[in-house]
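Structure data (PDB, C-alpha atoms and all ligand atoms) from coords.pdb:
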```pdb
ATOM      1  CA  MET A 997     109.111  87.998  78.157
ATOM      2  CA  GLU A 998     111.275  90.686  79.643
ATOM      3  CA  LYS A 999     114.735  90.772  78.091
ATOM      4  CA  LEU A1000     117.400  91.621  80.623
ATOM      5  CA  SER A1001     120.800  93.188  80.056
ATOM      6  CA  ASN A1002     123.723  91.366  81.669
ATOM      7  CA  ASP A1003     123.945  94.044  84.350
ATOM      8  CA  GLU A1004     120.261  93.778  85.172
ATOM      9  CA  LEU A1005     120.480  90.020  85.265
ATOM     10  CA  ALA A1006     123.468  90.084  87.633
ATOM     11  CA  GLN A1007     121.700  92.568  89.859
ATOM     12  CA  ARG A1008     118.484  90.567  90.006
ATOM     13  CA  CYS A1009     120.381  87.358  90.748
ATOM     14  CA  ARG A1010     122.241  89.034  93.612
ATOM     15  CA  ALA A1011     119.006  90.373  95.058
ATOM     16  CA  LEU A1012     117.446  86.932  94.725
ATOM     17  CA  GLU A1013     120.335  85.335  96.631
ATOM     18  CA  GLU A1014     119.910  87.739  99.530
ATOM     19  CA  ASN A1015     116.131  87.454  99.556
ATOM     20  CA  LEU A1016     116.265  83.676  99.473
ATOM     21  CA  LYS A1017     118.694  83.530 102.384
ATOM     22  CA  ARG A1018     116.482  85.799 104.483
ATOM     23  CA  ILE A1019     113.244  84.029 103.546
ATOM     24  CA  ARG A1020     114.693  80.594 104.296
ATOM     25  CA  ALA A1021     115.823  81.801 107.720
ATOM     26  CA  GLU A1022     112.364  83.210 108.446
ATOM     27  CA  ILE A1023     110.675  80.022 107.293
ATOM     28  CA  ALA A1024     112.982  77.937 109.470
ATOM     29  CA  GLU A1025     112.265  80.091 112.498
ATOM     30  CA  ALA A1026     108.491  79.985 111.943
ATOM     31  CA  ALA A1027     108.657  76.212 111.499
ATOM     32  CA  VAL A1028     110.425  75.751 114.799
ATOM     33  CA  ARG A1029     108.109  78.199 116.569
ATOM     34  CA  SER A1030     105.138  76.147 115.382
ATOM     35  CA  GLY A1031     106.610  72.854 116.548
ATOM     36  CA  ARG A1032     107.944  71.614 113.236
ATOM     37  CA  LYS A1033     111.251  71.269 111.454
ATOM     38  CA  PRO A1034     112.458  73.717 108.766
ATOM     39  CA  GLU A1035     112.375  70.928 106.189
ATOM     40  CA  ASP A1036     108.690  70.296 106.938
ATOM     41  CA  ILE A1037     107.858  73.536 105.129
ATOM     42  CA  THR A1038     107.991  73.694 101.341
ATOM     43  CA  LEU A1039     108.938  76.970  99.732
ATOM     44  CA  LEU A1040     107.375  77.245  96.291
ATOM     45  CA  ALA A1041     108.646  80.147  94.208
ATOM     46  CA  ALA A1042     105.812  81.924  92.381
ATOM     47  CA  THR A1043     107.530  82.830  89.135
ATOM     48  CA  LYS A1044     104.945  84.730  87.077
ATOM     49  CA  THR A1045     106.551  87.539  85.051
ATOM     50  CA  VAL A1046     110.037  86.456  86.179
ATOM     51  CA  PRO A1047     112.456  85.925  83.262
ATOM     52  CA  VAL A1048     113.650  82.353  82.808
ATOM     53  CA  GLU A1049     117.320  83.303  83.356
ATOM     54  CA  VAL A1050     116.454  84.585  86.816
ATOM     55  CA  ILE A1051     114.306  81.543  87.613
ATOM     56  CA  ASN A1052     117.129  79.238  86.524
ATOM     57  CA  HIS A1053     119.543  81.072  88.787
ATOM     58  CA  GLY A1054     117.065  80.483  91.612
ATOM     59  CA  ILE A1055     116.931  76.804  90.735
ATOM     60  CA  GLU A1056     120.740  76.690  90.948
ATOM     61  CA  LEU A1057     120.396  78.212  94.415
ATOM     62  CA  GLY A1058     118.094  75.370  95.384
ATOM     63  CA  LEU A1059     114.563  76.516  94.545
ATOM     64  CA  ASP A1060     113.198  73.042  93.967
ATOM     65  CA  HIS A1061     109.523  73.938  93.553
ATOM     66  CA  ILE A1062     108.261  76.630  91.232
ATOM     67  CA  GLY A1063     104.724  77.645  90.345
ATOM     68  CA  GLU A1064     103.327  79.480  87.356
ATOM     69  CA  ASN A1065      99.826  80.827  87.268
ATOM     70  CA  ARG A1066      99.107  81.269  83.571
ATOM     71  CA  VAL A1067      99.057  78.373  81.121
ATOM     72  CA  GLN A1068     100.461  80.356  78.212
ATOM     73  CA  GLU A1069     103.352  81.740  80.252
ATOM     74  CA  LEU A1070     104.142  78.319  81.670
ATOM     75  CA  CYS A1071     104.271  76.805  78.187
ATOM     76  CA  ASP A1072     106.426  79.675  76.880
ATOM     77  CA  LYS A1073     109.004  79.175  79.622
ATOM     78  CA  TYR A1074     108.807  75.425  79.980
ATOM     79  CA  ASP A1075     111.550  74.226  77.623
ATOM     80  CA  ALA A1076     114.084  76.760  78.889
ATOM     81  CA  LEU A1077     113.632  75.887  82.574
ATOM     82  CA  GLU A1078     116.233  73.780  84.384
ATOM     83  CA  ARG A1079     113.664  71.130  85.054
ATOM     84  CA  GLU A1080     115.972  68.353  86.258
ATOM     85  CA  LYS A1081     116.502  70.296  89.470
ATOM     86  CA  THR A1082     113.044  71.607  90.171
ATOM     87  CA  ASP A1083     109.460  70.640  89.977
ATOM     88  CA  VAL A1084     106.931  72.788  88.171
ATOM     89  CA  GLN A1085     103.434  73.293  89.512
ATOM     90  CA  PHE A1086     100.405  75.206  88.346
ATOM     91  CA  ILE A1087      98.971  77.659  90.877
ATOM     92  CA  GLY A1088      96.618  79.955  88.934
ATOM     93  CA  HIS A1089      93.021  79.867  87.836
ATOM     94  CA  LEU A1090      92.566  77.087  85.290
ATOM     95  CA  GLN A1091      89.958  76.784  82.553
ATOM     96  CA  THR A1092      88.832  73.277  81.680
ATOM     97  CA  ASN A1093      89.815  73.643  78.019
ATOM     98  CA  LYS A1094      93.443  74.386  78.993
ATOM     99  CA  VAL A1095      94.054  71.331  81.163
ATOM    100  CA  LYS A1096      95.479  69.520  78.139
ATOM    101  CA  TYR A1097      98.494  71.850  78.069
ATOM    102  CA  LEU A1098      99.461  70.957  81.632
ATOM    103  CA  ILE A1099      99.276  67.162  81.640
ATOM    104  CA  GLY A1100     102.799  65.789  81.531
ATOM    105  CA  LYS A1101     104.290  69.204  82.337
ATOM    106  CA  VAL A1102     103.345  69.957  85.922
ATOM    107  CA  SER A1103     103.578  67.775  89.017
ATOM    108  CA  MET A1104     100.641  69.409  90.765
ATOM    109  CA  ILE A1105      97.667  71.631  89.985
ATOM    110  CA  GLN A1106      96.918  73.721  93.081
ATOM    111  CA  SER A1107      93.748  75.358  91.883
ATOM    112  CA  VAL A1108      91.009  72.751  91.454
ATOM    113  CA  ASP A1109      87.684  74.285  92.397
ATOM    114  CA  SER A1110      84.993  72.381  90.497
ATOM    115  CA  MET A1111      84.000  68.838  89.658
ATOM    116  CA  LYS A1112      84.083  69.732  85.967
ATOM    117  CA  LEU A1113      87.734  70.741  86.191
ATOM    118  CA  ALA A1114      88.619  67.690  88.284
ATOM    119  CA  GLN A1115      86.888  65.411  85.788
ATOM    120  CA  GLU A1116      88.863  66.841  82.883
ATOM    121  CA  ILE A1117      92.161  66.444  84.764
ATOM    122  CA  SER A1118      91.183  62.876  85.591
ATOM    123  CA  ARG A1119      90.098  62.070  82.025
ATOM    124  CA  LEU A1120      93.309  63.346  80.439
ATOM    125  CA  SER A1121      95.522  61.796  83.122
ATOM    126  CA  VAL A1122      93.920  58.395  82.537
ATOM    127  CA  ARG A1123      94.544  58.798  78.829
ATOM    128  CA  GLU A1124      98.221  59.604  79.440
ATOM    129  CA  HIS A1125      98.634  56.814  82.027
ATOM    130  CA  GLN A1126      99.576  59.334  84.707
ATOM    131  CA  THR A1127      98.318  60.316  88.107
ATOM    132  CA  MET A1128      97.965  64.040  88.760
ATOM    133  CA  ASP A1129      98.339  65.517  92.222
ATOM    134  CA  VAL A1130      95.959  68.368  92.938
ATOM    135  CA  LEU A1131      95.031  70.743  95.716
ATOM    136  CA  VAL A1132      91.510  72.014  96.115
ATOM    137  CA  GLU A1133      91.413  75.791  96.230
ATOM    138  CA  VAL A1134      89.099  77.319  98.806
ATOM    139  CA  ASN A1135      87.677  80.818  98.377
ATOM    140  CA  ILE A1136      88.182  81.438 102.059
ATOM    141  CA  GLY A1137      87.248  85.125 101.962
ATOM    142  CA  ARG A1138      84.106  84.442  99.904
ATOM    143  CA  GLU A1139      85.240  86.992  97.334
ATOM    144  CA  GLU A1140      83.042  87.379  94.305
ATOM    145  CA  ASN A1141      85.644  87.457  91.577
ATOM    146  CA  LYS A1142      87.998  84.944  93.107
ATOM    147  CA  SER A1143      88.325  81.308  92.104
ATOM    148  CA  GLY A1144      88.061  78.565  94.674
ATOM    149  CA  VAL A1145      85.220  76.585  96.149
ATOM    150  CA  LEU A1146      83.158  78.144  98.952
ATOM    151  CA  PRO A1147      83.903  76.601 102.367
ATOM    152  CA  GLU A1148      80.465  74.990 102.691
ATOM    153  CA  GLN A1149      80.945  73.259  99.315
ATOM    154  CA  LEU A1150      84.367  71.857 100.154
ATOM    155  CA  SER A1151      83.425  68.540 101.716
ATOM    156  CA  GLY A1152      80.879  67.765  98.986
ATOM    157  CA  LEU A1153      83.406  68.470  96.259
ATOM    158  CA  LEU A1154      86.073  66.367  97.969
ATOM    159  CA  GLU A1155      83.708  63.432  98.248
ATOM    160  CA  GLU A1156      82.833  63.671  94.564
ATOM    161  CA  ILE A1157      86.464  64.035  93.501
ATOM    162  CA  SER A1158      87.565  61.089  95.614
ATOM    163  CA  SER A1159      85.823  58.756  93.169
ATOM    164  CA  LEU A1160      87.826  59.944  90.140
ATOM    165  CA  PRO A1161      90.661  57.807  88.734
ATOM    166  CA  ALA A1162      94.207  59.067  88.104
ATOM    167  CA  LEU A1163      93.809  62.026  90.389
ATOM    168  CA  ARG A1164      95.046  62.394  93.942
ATOM    169  CA  VAL A1165      93.992  65.231  96.232
ATOM    170  CA  ARG A1166      97.086  66.143  98.229
ATOM    171  CA  GLY A1167      95.580  69.010 100.186
ATOM    172  CA  LEU A1168      94.138  72.504 100.165
ATOM    173  CA  MET A1169      95.165  75.899  98.853
ATOM    174  CA  ALA A1170      93.862  79.364  99.646
ATOM    175  CA  ILE A1171      94.551  83.021  98.949
ATOM    176  CA  PRO A1172      92.930  85.210 101.610
ATOM    177  CA  PRO A1173      91.608  88.634 100.505
ATOM    178  CA  ALA A1174      94.469  90.969  99.636
ATOM    179  CA  ASP A1175      92.985  93.827 101.646
ATOM    180  CA  ALA A1176      92.468  91.842 104.857
ATOM    181  CA  ASP A1177      94.298  93.120 107.946
ATOM    182  CA  ASP A1178      96.480  90.849 110.103
ATOM    183  CA  VAL A1179      93.621  89.827 112.370
ATOM    184  CA  ALA A1180      91.330  88.906 109.483
ATOM    185  CA  THR A1181      94.126  87.070 107.681
ATOM    186  CA  GLN A1182      94.850  85.138 110.860
ATOM    187  CA  HIS A1183      91.188  84.139 111.012
ATOM    188  CA  TYR A1184      91.241  82.905 107.390
ATOM    189  CA  PHE A1185      94.433  80.904 107.922
ATOM    190  CA  SER A1186      93.028  79.301 111.089
ATOM    191  CA  LYS A1187      89.815  78.376 109.278
ATOM    192  CA  MET A1188      91.859  76.744 106.495
ATOM    193  CA  PHE A1189      93.852  74.757 109.025
ATOM    194  CA  GLU A1190      90.583  73.538 110.556
ATOM    195  CA  TYR A1191      89.258  72.386 107.156
ATOM    196  CA  PHE A1192      92.587  70.713 106.473
ATOM    197  CA  ILE A1193      92.521  68.732 109.724
ATOM    198  CA  ASP A1194      88.803  67.896 109.471
ATOM    199  CA  THR A1195      89.246  66.567 105.945
ATOM    200  CA  LYS A1196      92.340  64.590 106.878
ATOM    201  CA  HIS A1197      90.328  62.790 109.557
ATOM    202  CA  LYS A1198      87.702  61.747 107.019
ATOM    203  CA  LYS A1199      90.233  59.526 105.232
ATOM    204  CA  LEU A1200      88.521  59.738 101.826
ATOM    205  CA  ASP A1201      89.763  57.585  98.946
ATOM    206  CA  ASN A1202      92.450  59.335  96.887
ATOM    207  CA  VAL A1203      92.566  62.219  99.365
ATOM    208  CA  SER A1204      95.813  62.273 101.344
ATOM    209  CA  MET A1205      95.640  65.810 102.803
ATOM    210  CA  ASP A1206      99.317  66.326 103.435
ATOM    211  CA  VAL A1207      99.746  69.761 101.832
ATOM    212  CA  LEU A1208      98.299  73.014 103.149
ATOM    213  CA  SER A1209      99.377  75.697 100.689
ATOM    214  CA  MET A1210      98.809  79.212 102.004
ATOM    215  CA  GLY A1211     100.872  82.323 102.633
ATOM    216  CA  MET A1212     102.527  84.630 100.089
ATOM    217  CA  SER A1213     105.134  87.401 100.276
ATOM    218  CA  ALA A1214     103.216  89.527 102.768
ATOM    219  CA  ASP A1215     102.139  86.780 105.151
ATOM    220  CA  TYR A1216     104.132  83.555 104.778
ATOM    221  CA  VAL A1217     105.409  83.645 108.356
ATOM    222  CA  GLN A1218     101.891  84.133 109.668
ATOM    223  CA  ALA A1219     100.643  81.286 107.454
ATOM    224  CA  ILE A1220     103.302  78.883 108.738
ATOM    225  CA  LEU A1221     102.479  79.781 112.334
ATOM    226  CA  ALA A1222      98.841  78.950 111.504
ATOM    227  CA  GLY A1223      99.787  75.520 110.132
ATOM    228  CA  ALA A1224     100.710  75.946 106.468
ATOM    229  CA  ASN A1225     103.361  73.550 105.215
ATOM    230  CA  MET A1226     103.700  75.123 101.776
ATOM    231  CA  VAL A1227     104.118  78.828 101.108
ATOM    232  CA  ARG A1228     104.033  80.401  97.645
ATOM    233  CA  VAL A1229     106.373  83.364  97.520
ATOM    234  CA  GLY A1230     106.862  85.640  94.510
ATOM    235  CA  SER A1231     107.756  89.298  94.937
ATOM    236  CA  ALA A1232     109.629  88.869  98.225
ATOM    237  CA  LEU A1233     112.018  86.577  96.327
ATOM    238  CA  PHE A1234     112.206  88.146  92.884
ATOM    239  CA  GLY A1235     111.313  91.792  93.515
ATOM    240  CA  ALA A1236     108.251  93.683  92.347
ATOM    241  CA  ARG A1237     106.655  92.235  89.249
ATOM    242  CA  ASN A1238     107.021  93.975  85.918
ATOM    243  CA  TYR A1239     104.051  93.190  83.710
ATOM    244  CA  THR A1240     104.847  95.656  80.932
ATOM    245  CA  ASN A1241     106.879  93.403  78.651
ATOM    246  CA  LEU A1242     104.792  90.270  78.832
TER     247      LEU A1242
HETATM  248  C1  LIG B1301     101.608  85.484  92.372
HETATM  249  C2  LIG B1301     101.117  84.424  93.248
HETATM  250  C3  LIG B1301     101.712  84.177  94.488
HETATM  251  C4  LIG B1301     102.862  84.989  95.037
HETATM  252  O1  LIG B1301     102.483  86.312  95.295
HETATM  253  P1  LIG B1301     103.507  87.306  96.037
HETATM  254  O2  LIG B1301     102.613  88.207  96.819
HETATM  255  O3  LIG B1301     104.267  87.999  94.981
HETATM  256  O4  LIG B1301     104.367  86.483  96.911
HETATM  257  C5  LIG B1301     101.205  83.138  95.252
HETATM  258  N1  LIG B1301     100.172  82.377  94.823
HETATM  259  C6  LIG B1301      99.566  82.587  93.648
HETATM  260  C7  LIG B1301      98.436  81.712  93.253
HETATM  261  C8  LIG B1301     100.019  83.618  92.817
HETATM  262  O5  LIG B1301      99.407  83.816  91.645
END
```

Once you've parsed the file, please lay out its structure as structure tokens.
Amino acid sequence: MEKLSNDELAQRCRALEENLKRIRAEIAEAAVRSGRKPEDITLLAATKTVPVEVINHGIELGLDHIGENRVQELCDKYDALEREKTDVQFIGHLQTNKVKYLIGKVSMIQSVDSMKLAQEISRLSVREHQTMDVLVEVNIGREENKSGVLPEQLSGLLEEISSLPALRVRGLMAIPPADADDVATQHYFSKMFEYFIDTKHKKLDNVSMDVLSMGMSADYVQAILAGANMVRVGSALFGARNYTNL
């Protein structure tokens, strides 16, 4: 992990304070514009590559949901995080053989995209006498090297998952293609909102559909206007990522 000098740390914490203030104001405005209340929208801080000292400062400032996207990095940071004041989620691609490292650590896994993965989460949660909240990730842009279930496979997967014990599907997650323009992104977000509402109406067992997680630094306002109630924001909060010292 990046080791920061005191000056660098102070500087990054100051920048974070300003960014957080601005982002919260924008989220509140987008919430109201889309007929909701600011508190209806959950801001999840995407903390990959961010040093723990900076994350903990964010937690002090009220970041009460954080998400890591690599198992190893999450485990490395876990003990040093101020976990009494935040909840830790997993938002990245997850291999079945790594599920065991997350049970008991994270409150939600946002990236379930196969029955095999869901079964392993269910199996280990049963064993630990826990229930795991998950989101099903949709590959909304049908990108070849992206995780997520294809839209036409979503309802089948949800029906299968709904039979599993110790697992609760709380909603959907998506990452539209990074190179999509505003119009295309809008289309993807609207499609996701449609799937979200359609699934909600089906009232499947163990599927509550109350979280629609979409929107990142470049498009969280747009995502909220399209119906998201959770946005995952990294670089707009913490600054550009530095991968060199990981
Ligand atoms: C990194 C990451 C984000 C945040 O990306 P930014 O563009 O930096 O806001 C959101 N979701 C997932 C799954 C990520 O891995």

Where's the centre, and what are the edge lengths in Å to one decimal, of a box along x, y and z enclosing all listed atoms of ligand LIG 1301 (chain B) padded 5 Å per side, as AutoDock Vina command-line options?
```
--center_x 101.4 --center_y 85.0 --center_z 94.3 --size_x 15.9 --size_y 16.5 --size_z 15.3
```

Please return as a ChimeraX atom specification the residues found within 9 Å of ligand LIG 1301 (chain B), counting all atoms listed in the file. /A:1040-1044,1063-1066,1086-1089,1106-1107,1169-1171,1209-1216,1227-1237

Of A:Asn1238, A:Thr1038, A:Ser1204, A:Gln1085, the one sitting nearest A:Val1067 when using all atoms listed in the file is A:Gln1085

Worksheet entry | For A:Ile1220: contacts at 10 Å, only C-alpha atoms, fewer than 4 positions along chain excluded, given as a list in words |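 Final neighbour list, sorted by chain and number: Ile1023, Ala1024, Glu1025, Ala1026, Ala1027, Val1028, Arg1029, Ser1030, Arg1032, Ile1037, Phe1185, Leu1208, Ser1209, Met1210, Gly1211, Asp1215, Tyr1216, Ala1224, Asn1225, Met1226 and Val1227 of chain A.
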
Take the selection from the previous step and output its residues with C-alpha atoms, as a compact mmCIF listing (two decimals), in the coordinates of the input.
```
# COMPACT_ATOMS: atom_id res chain seq x y z
CA ILE A 1023 110.68 80.02 107.29
CA ALA A 1024 112.98 77.94 109.47
CA GLU A 1025 112.26 80.09 112.50
CA ALA A 1026 108.49 79.98 111.94
CA ALA A 1027 108.66 76.21 111.50
CA VAL A 1028 110.42 75.75 114.80
CA ARG A 1029 108.11 78.20 116.57
CA SER A 1030 105.14 76.15 115.38
CA ARG A 1032 107.94 71.61 113.24
CA ILE A 1037 107.86 73.54 105.13
CA PHE A 1185 94.43 80.90 107.92
CA LEU A 1208 98.30 73.01 103.15
CA SER A 1209 99.38 75.70 100.69
CA MET A 1210 98.81 79.21 102.00
CA GLY A 1211 100.87 82.32 102.63
CA ASP A 1215 102.14 86.78 105.15
CA TYR A 1216 104.13 83.56 104.78
CA ALA A 1224 100.71 75.95 106.47
CA ASN A 1225 103.36 73.55 105.22
CA MET A 1226 103.70 75.12 101.78
CA VAL A 1227 104.12 78.83 101.11
```

Polymer residues at most 9 Å from A:Arg1079, only C-alpha atoms, same-chain spacing of 4 or more positions, as a PDB file with C-alpha atoms, in the frame of the given file:
```pdb
ATOM      1  CA  ASN A1052     117.129  79.238  86.524  1.00  0.00           C
ATOM      2  CA  ILE A1055     116.931  76.804  90.735  1.00  0.00           C
ATOM      3  CA  TYR A1074     108.807  75.425  79.980  1.00  0.00           C
ATOM      4  CA  ASP A1075     111.550  74.226  77.623  1.00  0.00           C
ATOM      5  CA  ASP A1083     109.460  70.640  89.977  1.00  0.00           C
ATOM      6  CA  VAL A1084     106.931  72.788  88.171  1.00  0.00           C
TER       7      VAL A1084
END
```

The distance between atom CA of A:Glu1080 and atom CA of A:Val1217 is 28.9 Å
